[in-house]
>>> print(open('structure-v1.pdb').read())   # PDB, C-alpha atoms
MODEL        1
ATOM      1  CA  MET P   1      -5.923  28.289  36.352  1.00  0.00           C
ATOM      2  CA  GLY P   2      -5.940  25.012  34.414  1.00  0.00           C
ATOM      3  CA  GLU P   3      -6.059  21.572  35.916  1.00  0.00           C
ATOM      4  CA  LEU P   4      -2.737  20.041  36.912  1.00  0.00           C
ATOM      5  CA  LEU P   5      -1.793  17.028  34.833  1.00  0.00           C
ATOM      6  CA  ASN P   6       0.603  14.269  35.769  1.00  0.00           C
ATOM      7  CA  LEU P   7       2.409  13.514  32.490  1.00  0.00           C
ATOM      8  CA  ARG P   8       3.440  10.022  33.567  1.00  0.00           C
ATOM      9  CA  ARG P   9      -0.167   9.038  34.299  1.00  0.00           C
ATOM     10  CA  ALA P  10      -1.369  10.602  31.052  1.00  0.00           C
ATOM     11  CA  ARG P  11       1.297   8.708  29.065  1.00  0.00           C
ATOM     12  CA  LYS P  12       0.440   5.415  30.757  1.00  0.00           C
ATOM     13  CA  ALA P  13      -3.288   5.950  30.188  1.00  0.00           C
ATOM     14  CA  ARG P  14      -2.661   6.677  26.499  1.00  0.00           C
ATOM     15  CA  GLU P  15      -0.500   3.539  26.144  1.00  0.00           C
ATOM     16  CA  ARG P  16      -3.108   1.457  27.980  1.00  0.00           C
ATOM     17  CA  ALA P  17      -5.829   2.695  25.606  1.00  0.00           C
ATOM     18  CA  ALA P  18      -3.677   1.797  22.588  1.00  0.00           C
ATOM     19  CA  LYS P  19      -3.069  -1.678  24.030  1.00  0.00           C
ATOM     20  CA  ASP P  20      -6.782  -2.166  24.619  1.00  0.00           C
ATOM     21  CA  GLN P  21      -7.526  -1.169  21.031  1.00  0.00           C
ATOM     22  CA  LEU P  22      -4.944  -3.647  19.711  1.00  0.00           C
ATOM     23  CA  ALA P  23      -6.339  -6.373  21.972  1.00  0.00           C
ATOM     24  CA  GLU P  24      -9.844  -5.749  20.624  1.00  0.00           C
ATOM     25  CA  ALA P  25      -8.594  -6.047  17.031  1.00  0.00           C
ATOM     26  CA  ASN P  26      -6.788  -9.290  17.910  1.00  0.00           C
ATOM     27  CA  ARG P  27      -9.914 -10.690  19.540  1.00  0.00           C
ATOM     28  CA  LEU P  28     -11.813 -10.038  16.318  1.00  0.00           C
ATOM     29  CA  ALA P  29      -9.087 -11.539  14.138  1.00  0.00           C
ATOM     30  CA  PHE P  30      -8.082 -14.554  16.210  1.00  0.00           C
ATOM     31  CA  GLY P  31     -10.983 -15.150  18.574  1.00  0.00           C
ATOM     32  CA  ARG P  32     -12.978 -17.432  16.302  1.00  0.00           C
ATOM     33  CA  THR P  33     -13.934 -21.052  16.752  1.00  0.00           C
ATOM     34  CA  LYS P  34     -12.495 -23.793  14.571  1.00  0.00           C
ATOM     35  CA  ALA P  35     -15.843 -24.154  12.771  1.00  0.00           C
ATOM     36  CA  GLU P  36     -15.941 -20.421  12.015  1.00  0.00           C
ATOM     37  CA  ARG P  37     -12.376 -20.513  10.662  1.00  0.00           C
ATOM     38  CA  GLN P  38     -13.178 -23.522   8.464  1.00  0.00           C
ATOM     39  CA  ALA P  39     -16.361 -21.904   7.157  1.00  0.00           C
ATOM     40  CA  SER P  40     -14.492 -18.707   6.361  1.00  0.00           C
ATOM     41  CA  SER P  41     -11.739 -20.660   4.619  1.00  0.00           C
ATOM     42  CA  ALA P  42     -14.285 -22.633   2.572  1.00  0.00           C
ATOM     43  CA  GLN P  43     -16.036 -19.400   1.575  1.00  0.00           C
ATOM     44  CA  THR P  44     -12.730 -17.835   0.503  1.00  0.00           C
ATOM     45  CA  ASP P  45     -11.821 -20.941  -1.525  1.00  0.00           C
ATOM     46  CA  LEU P  46     -15.214 -20.894  -3.224  1.00  0.00           C
ATOM     47  CA  GLU P  47     -14.900 -17.207  -4.108  1.00  0.00           C
ATOM     48  CA  ARG P  48     -11.379 -17.762  -5.457  1.00  0.00           C
ATOM     49  CA  ALA P  49     -12.563 -20.726  -7.582  1.00  0.00           C
ATOM     50  CA  ARG P  50     -15.441 -18.678  -9.011  1.00  0.00           C
ATOM     51  CA  LEU P  51     -13.079 -15.847  -9.865  1.00  0.00           C
ATOM     52  CA  ASP P  52     -10.571 -18.205 -11.499  1.00  0.00           C
ATOM     53  CA  ALA P  53     -13.358 -19.854 -13.510  1.00  0.00           C
ATOM     54  CA  HIS P  54     -14.089 -16.502 -15.149  1.00  0.00           C
ATOM     55  CA  ARG P  55     -10.535 -15.909 -16.348  1.00  0.00           C
ATOM     56  CA  LEU P  56     -10.093 -15.413 -20.076  1.00  0.00           C
ATOM     57  CA  GLU P  57      -6.680 -17.083 -20.069  1.00  0.00           C
ATOM     58  CA  PRO P  58      -5.681 -19.833 -17.649  1.00  0.00           C
ATOM     59  CA  LEU P  59      -2.837 -19.213 -15.246  1.00  0.00           C
ATOM     60  CA  SER P  60       0.438 -20.912 -16.047  1.00  0.00           C
ATOM     61  CA  ASP P  61       3.304 -21.470 -13.674  1.00  0.00           C
ATOM     62  CA  ALA P  62       5.928 -21.385 -16.425  1.00  0.00           C
ATOM     63  CA  PRO P  63       7.002 -18.003 -17.829  1.00  0.00           C
ATOM     64  CA  GLU P  64       5.767 -17.125 -21.328  1.00  0.00           C
ATOM     65  CA  THR P  65       9.184 -16.173 -22.681  1.00  0.00           C
ATOM     66  CA  PRO P  66      12.110 -18.591 -22.585  1.00  0.00           C
ATOM     67  CA  ALA P  67      15.044 -17.647 -20.405  1.00  0.00           C
ATOM     68  CA  ALA P  68      18.051 -16.166 -22.167  1.00  0.00           C
ATOM     69  CA  PRO P  69      21.051 -18.538 -22.375  1.00  0.00           C
ATOM     70  CA  ALA P  70      23.916 -17.723 -20.033  1.00  0.00           C
ATOM     71  CA  GLN P  71      26.927 -16.148 -21.712  1.00  0.00           C
ATOM     72  CA  ASP P  72      30.457 -16.638 -20.477  1.00  0.00           C
ATOM     73  CA  ALA P  73      32.363 -13.401 -20.025  1.00  0.00           C
TER
ENDMDL
END
>>> encode(input="structure-v1.pdb", output="structure tokens")
Amino acid sequence: MGELLNLRRARKARERAAKDQLAEANRLAFGRTKAERQASSAQTDLERARLDAHRLEPLSDAPETPAAPAQDA
């Protein structure tokens, strides 16, 4: 016959494994020194500046088309 399985223990073990996996991902995402974060930020800014420098048309904050005037009903 098959091995007896305590469902409560199996559920808790599964939840514990999921928590450990999430903790590992958080350690990778947030477990960096200030110098590493600053270097990463500087690298991202540099890449963004290089990409923006290659744009054919500059970005503008204002919309291209004027807004329609409000009509009273």
>>> axis_aligned_box(input="structure-v1.pdb", around="region 6-9 of chain P", padding_each_side="6 Å", output="lines of an AutoDock Vina configuration file")
center_x = 1.6
center_y = 11.7
center_z = 34.1
size_x = 15.6
size_y = 17.2
size_z = 15.3
>>> atom_distance(input="structure-v1.pdb", atom1="CA of Ala29 (chain P)", atom2="CA of Gln43 (chain P)")
16.4 Å
>>> atom_distance(input="structure-v1.pdb", atom1="CA of Gln21 (chain P)", atom2="CA of Gln38 (chain P)")
26.3 Å
>>> atom_distance(input="structure-v1.pdb", atom1="CA of Ala17 (chain P)", atom2="CA of Leu5 (chain P)")
17.5 Å
>>> decode(input="structure-v1.pdb", residues="region 18-68 of chain P", atoms="N, CA and C atoms", output="PDB file, in the first residue's frame")
ATOM      1  N   ALA P  18       7.180  27.920  -0.947  1.00  0.00           N
ATOM      2  CA  ALA P  18       6.797  29.107  -1.706  1.00  0.00           C
ATOM      3  C   ALA P  18       7.339  30.375  -1.037  1.00  0.00           C
ATOM      4  N   LYS P  19       7.280  30.412   0.290  1.00  0.00           N
ATOM      5  CA  LYS P  19       7.811  31.559   1.030  1.00  0.00           C
ATOM      6  C   LYS P  19       9.316  31.679   0.837  1.00  0.00           C
ATOM      7  N   ASP P  20      10.008  30.556   0.868  1.00  0.00           N
ATOM      8  CA  ASP P  20      11.452  30.566   0.674  1.00  0.00           C
ATOM      9  C   ASP P  20      11.821  31.068  -0.718  1.00  0.00           C
ATOM     10  N   GLN P  21      11.035  30.684  -1.712  1.00  0.00           N
ATOM     11  CA  GLN P  21      11.281  31.119  -3.080  1.00  0.00           C
ATOM     12  C   GLN P  21      11.075  32.630  -3.198  1.00  0.00           C
ATOM     13  N   LEU P  22      10.019  33.144  -2.579  1.00  0.00           N
ATOM     14  CA  LEU P  22       9.758  34.581  -2.592  1.00  0.00           C
ATOM     15  C   LEU P  22      10.864  35.330  -1.854  1.00  0.00           C
ATOM     16  N   ALA P  23      11.323  34.795  -0.744  1.00  0.00           N
ATOM     17  CA  ALA P  23      12.395  35.422   0.020  1.00  0.00           C
ATOM     18  C   ALA P  23      13.681  35.486  -0.809  1.00  0.00           C
ATOM     19  N   GLU P  24      13.969  34.443  -1.550  1.00  0.00           N
ATOM     20  CA  GLU P  24      15.162  34.434  -2.401  1.00  0.00           C
ATOM     21  C   GLU P  24      15.057  35.511  -3.472  1.00  0.00           C
ATOM     22  N   ALA P  25      13.893  35.650  -4.094  1.00  0.00           N
ATOM     23  CA  ALA P  25      13.695  36.684  -5.111  1.00  0.00           C
ATOM     24  C   ALA P  25      13.850  38.073  -4.495  1.00  0.00           C
ATOM     25  N   ASN P  26      13.326  38.267  -3.288  1.00  0.00           N
ATOM     26  CA  ASN P  26      13.457  39.561  -2.617  1.00  0.00           C
ATOM     27  C   ASN P  26      14.903  39.855  -2.251  1.00  0.00           C
ATOM     28  N   ARG P  27      15.646  38.835  -1.860  1.00  0.00           N
ATOM     29  CA  ARG P  27      17.060  39.046  -1.548  1.00  0.00           C
ATOM     30  C   ARG P  27      17.813  39.506  -2.782  1.00  0.00           C
ATOM     31  N   LEU P  28      17.467  38.948  -3.940  1.00  0.00           N
ATOM     32  CA  LEU P  28      18.121  39.368  -5.178  1.00  0.00           C
ATOM     33  C   LEU P  28      17.728  40.792  -5.551  1.00  0.00           C
ATOM     34  N   ALA P  29      16.456  41.135  -5.357  1.00  0.00           N
ATOM     35  CA  ALA P  29      15.970  42.443  -5.772  1.00  0.00           C
ATOM     36  C   ALA P  29      16.384  43.547  -4.802  1.00  0.00           C
ATOM     37  N   PHE P  30      16.316  43.293  -3.519  1.00  0.00           N
ATOM     38  CA  PHE P  30      16.518  44.347  -2.537  1.00  0.00           C
ATOM     39  C   PHE P  30      17.805  44.210  -1.734  1.00  0.00           C
ATOM     40  N   GLY P  31      18.501  43.132  -1.862  1.00  0.00           N
ATOM     41  CA  GLY P  31      19.688  42.894  -1.052  1.00  0.00           C
ATOM     42  C   GLY P  31      20.955  43.401  -1.698  1.00  0.00           C
ATOM     43  N   ARG P  32      20.941  44.649  -2.151  1.00  0.00           N
ATOM     44  CA  ARG P  32      22.125  45.221  -2.783  1.00  0.00           C
ATOM     45  C   ARG P  32      22.637  46.390  -1.949  1.00  0.00           C
ATOM     46  N   THR P  33      23.920  46.646  -2.050  1.00  0.00           N
ATOM     47  CA  THR P  33      24.494  47.762  -1.315  1.00  0.00           C
ATOM     48  C   THR P  33      24.119  49.068  -1.993  1.00  0.00           C
ATOM     49  N   LYS P  34      24.331  50.168  -1.273  1.00  0.00           N
ATOM     50  CA  LYS P  34      24.006  51.483  -1.817  1.00  0.00           C
ATOM     51  C   LYS P  34      24.837  51.753  -3.081  1.00  0.00           C
ATOM     52  N   ALA P  35      26.094  51.371  -3.070  1.00  0.00           N
ATOM     53  CA  ALA P  35      26.965  51.573  -4.228  1.00  0.00           C
ATOM     54  C   ALA P  35      26.462  50.781  -5.437  1.00  0.00           C
ATOM     55  N   GLU P  36      26.012  49.559  -5.204  1.00  0.00           N
ATOM     56  CA  GLU P  36      25.472  48.752  -6.308  1.00  0.00           C
ATOM     57  C   GLU P  36      24.212  49.375  -6.868  1.00  0.00           C
ATOM     58  N   ARG P  37      23.330  49.876  -5.990  1.00  0.00           N
ATOM     59  CA  ARG P  37      22.100  50.529  -6.455  1.00  0.00           C
ATOM     60  C   ARG P  37      22.419  51.786  -7.257  1.00  0.00           C
ATOM     61  N   GLN P  38      23.385  52.581  -6.798  1.00  0.00           N
ATOM     62  CA  GLN P  38      23.752  53.798  -7.511  1.00  0.00           C
ATOM     63  C   GLN P  38      24.383  53.477  -8.857  1.00  0.00           C
ATOM     64  N   ALA P  39      25.208  52.447  -8.913  1.00  0.00           N
ATOM     65  CA  ALA P  39      25.835  52.055 -10.172  1.00  0.00           C
ATOM     66  C   ALA P  39      24.786  51.562 -11.163  1.00  0.00           C
ATOM     67  N   SER P  40      23.838  50.795 -10.674  1.00  0.00           N
ATOM     68  CA  SER P  40      22.763  50.304 -11.529  1.00  0.00           C
ATOM     69  C   SER P  40      21.904  51.457 -12.046  1.00  0.00           C
ATOM     70  N   SER P  41      21.618  52.408 -11.169  1.00  0.00           N
ATOM     71  CA  SER P  41      20.822  53.569 -11.560  1.00  0.00           C
ATOM     72  C   SER P  41      21.560  54.403 -12.605  1.00  0.00           C
ATOM     73  N   ALA P  42      22.861  54.605 -12.407  1.00  0.00           N
ATOM     74  CA  ALA P  42      23.665  55.367 -13.364  1.00  0.00           C
ATOM     75  C   ALA P  42      23.697  54.661 -14.718  1.00  0.00           C
ATOM     76  N   GLN P  43      23.829  53.345 -14.699  1.00  0.00           N
ATOM     77  CA  GLN P  43      23.842  52.568 -15.943  1.00  0.00           C
ATOM     78  C   GLN P  43      22.505  52.691 -16.671  1.00  0.00           C
ATOM     79  N   THR P  44      21.411  52.619 -15.933  1.00  0.00           N
ATOM     80  CA  THR P  44      20.079  52.750 -16.529  1.00  0.00           C
ATOM     81  C   THR P  44      19.898  54.138 -17.125  1.00  0.00           C
ATOM     82  N   ASP P  45      20.343  55.172 -16.403  1.00  0.00           N
ATOM     83  CA  ASP P  45      20.238  56.546 -16.912  1.00  0.00           C
ATOM     84  C   ASP P  45      21.052  56.719 -18.186  1.00  0.00           C
ATOM     85  N   LEU P  46      22.240  56.145 -18.214  1.00  0.00           N
ATOM     86  CA  LEU P  46      23.089  56.234 -19.397  1.00  0.00           C
ATOM     87  C   LEU P  46      22.436  55.540 -20.592  1.00  0.00           C
ATOM     88  N   GLU P  47      21.895  54.362 -20.370  1.00  0.00           N
ATOM     89  CA  GLU P  47      21.222  53.636 -21.456  1.00  0.00           C
ATOM     90  C   GLU P  47      20.013  54.408 -21.963  1.00  0.00           C
ATOM     91  N   ARG P  48      19.249  55.009 -21.043  1.00  0.00           N
ATOM     92  CA  ARG P  48      18.076  55.786 -21.440  1.00  0.00           C
ATOM     93  C   ARG P  48      18.500  57.025 -22.242  1.00  0.00           C
ATOM     94  N   ALA P  49      19.585  57.691 -21.840  1.00  0.00           N
ATOM     95  CA  ALA P  49      20.067  58.867 -22.556  1.00  0.00           C
ATOM     96  C   ALA P  49      20.541  58.492 -23.959  1.00  0.00           C
ATOM     97  N   ARG P  50      21.233  57.359 -24.075  1.00  0.00           N
ATOM     98  CA  ARG P  50      21.685  56.912 -25.399  1.00  0.00           C
ATOM     99  C   ARG P  50      20.497  56.598 -26.300  1.00  0.00           C
ATOM    100  N   LEU P  51      19.489  55.966 -25.740  1.00  0.00           N
ATOM    101  CA  LEU P  51      18.304  55.645 -26.531  1.00  0.00           C
ATOM    102  C   LEU P  51      17.581  56.915 -26.968  1.00  0.00           C
ATOM    103  N   ASP P  52      17.435  57.872 -26.045  1.00  0.00           N
ATOM    104  CA  ASP P  52      16.761  59.125 -26.387  1.00  0.00           C
ATOM    105  C   ASP P  52      17.551  59.931 -27.412  1.00  0.00           C
ATOM    106  N   ALA P  53      18.866  59.825 -27.393  1.00  0.00           N
ATOM    107  CA  ALA P  53      19.698  60.562 -28.346  1.00  0.00           C
ATOM    108  C   ALA P  53      19.495  60.051 -29.777  1.00  0.00           C
ATOM    109  N   HIS P  54      19.028  58.838 -29.925  1.00  0.00           N
ATOM    110  CA  HIS P  54      18.820  58.265 -31.247  1.00  0.00           C
ATOM    111  C   HIS P  54      17.396  58.425 -31.765  1.00  0.00           C
ATOM    112  N   ARG P  55      16.588  59.189 -31.063  1.00  0.00           N
ATOM    113  CA  ARG P  55      15.205  59.394 -31.514  1.00  0.00           C
ATOM    114  C   ARG P  55      15.196  60.271 -32.769  1.00  0.00           C
ATOM    115  N   LEU P  56      14.281  59.980 -33.666  1.00  0.00           N
ATOM    116  CA  LEU P  56      14.138  60.793 -34.868  1.00  0.00           C
ATOM    117  C   LEU P  56      13.418  62.100 -34.553  1.00  0.00           C
ATOM    118  N   GLU P  57      12.444  62.043 -33.667  1.00  0.00           N
ATOM    119  CA  GLU P  57      11.704  63.235 -33.270  1.00  0.00           C
ATOM    120  C   GLU P  57      11.816  63.378 -31.759  1.00  0.00           C
ATOM    121  N   PRO P  58      12.087  64.580 -31.284  1.00  0.00           N
ATOM    122  CA  PRO P  58      12.196  64.757 -29.827  1.00  0.00           C
ATOM    123  C   PRO P  58      10.842  64.576 -29.150  1.00  0.00           C
ATOM    124  N   LEU P  59      10.890  64.165 -27.900  1.00  0.00           N
ATOM    125  CA  LEU P  59       9.667  64.025 -27.123  1.00  0.00           C
ATOM    126  C   LEU P  59       9.153  65.401 -26.745  1.00  0.00           C
ATOM    127  N   SER P  60       7.849  65.556 -26.734  1.00  0.00           N
ATOM    128  CA  SER P  60       7.268  66.813 -26.269  1.00  0.00           C
ATOM    129  C   SER P  60       6.216  66.488 -25.228  1.00  0.00           C
ATOM    130  N   ASP P  61       6.159  67.307 -24.210  1.00  0.00           N
ATOM    131  CA  ASP P  61       5.185  67.089 -23.148  1.00  0.00           C
ATOM    132  C   ASP P  61       3.791  67.549 -23.559  1.00  0.00           C
ATOM    133  N   ALA P  62       3.717  68.536 -24.443  1.00  0.00           N
ATOM    134  CA  ALA P  62       2.423  69.060 -24.865  1.00  0.00           C
ATOM    135  C   ALA P  62       1.837  68.164 -25.958  1.00  0.00           C
ATOM    136  N   PRO P  63       0.532  68.001 -26.000  1.00  0.00           N
ATOM    137  CA  PRO P  63      -0.077  67.184 -27.053  1.00  0.00           C
ATOM    138  C   PRO P  63       0.048  67.887 -28.405  1.00  0.00           C
ATOM    139  N   GLU P  64       0.110  67.109 -29.472  1.00  0.00           N
ATOM    140  CA  GLU P  64       0.255  67.645 -30.824  1.00  0.00           C
ATOM    141  C   GLU P  64      -0.991  68.396 -31.283  1.00  0.00           C
ATOM    142  N   THR P  65      -2.159  67.875 -30.955  1.00  0.00           N
ATOM    143  CA  THR P  65      -3.398  68.502 -31.400  1.00  0.00           C
ATOM    144  C   THR P  65      -3.960  69.365 -30.283  1.00  0.00           C
ATOM    145  N   PRO P  66      -4.495  70.526 -30.630  1.00  0.00           N
ATOM    146  CA  PRO P  66      -5.080  71.382 -29.585  1.00  0.00           C
ATOM    147  C   PRO P  66      -6.364  70.745 -29.040  1.00  0.00           C
ATOM    148  N   ALA P  67      -6.656  71.044 -27.801  1.00  0.00           N
ATOM    149  CA  ALA P  67      -7.848  70.507 -27.173  1.00  0.00           C
ATOM    150  C   ALA P  67      -9.086  71.195 -27.746  1.00  0.00           C
ATOM    151  N   ALA P  68     -10.147  70.423 -27.890  1.00  0.00           N
ATOM    152  CA  ALA P  68     -11.392  70.978 -28.423  1.00  0.00           C
ATOM    153  C   ALA P  68     -12.012  71.914 -27.374  1.00  0.00           C
TER     154      ALA P  68
END
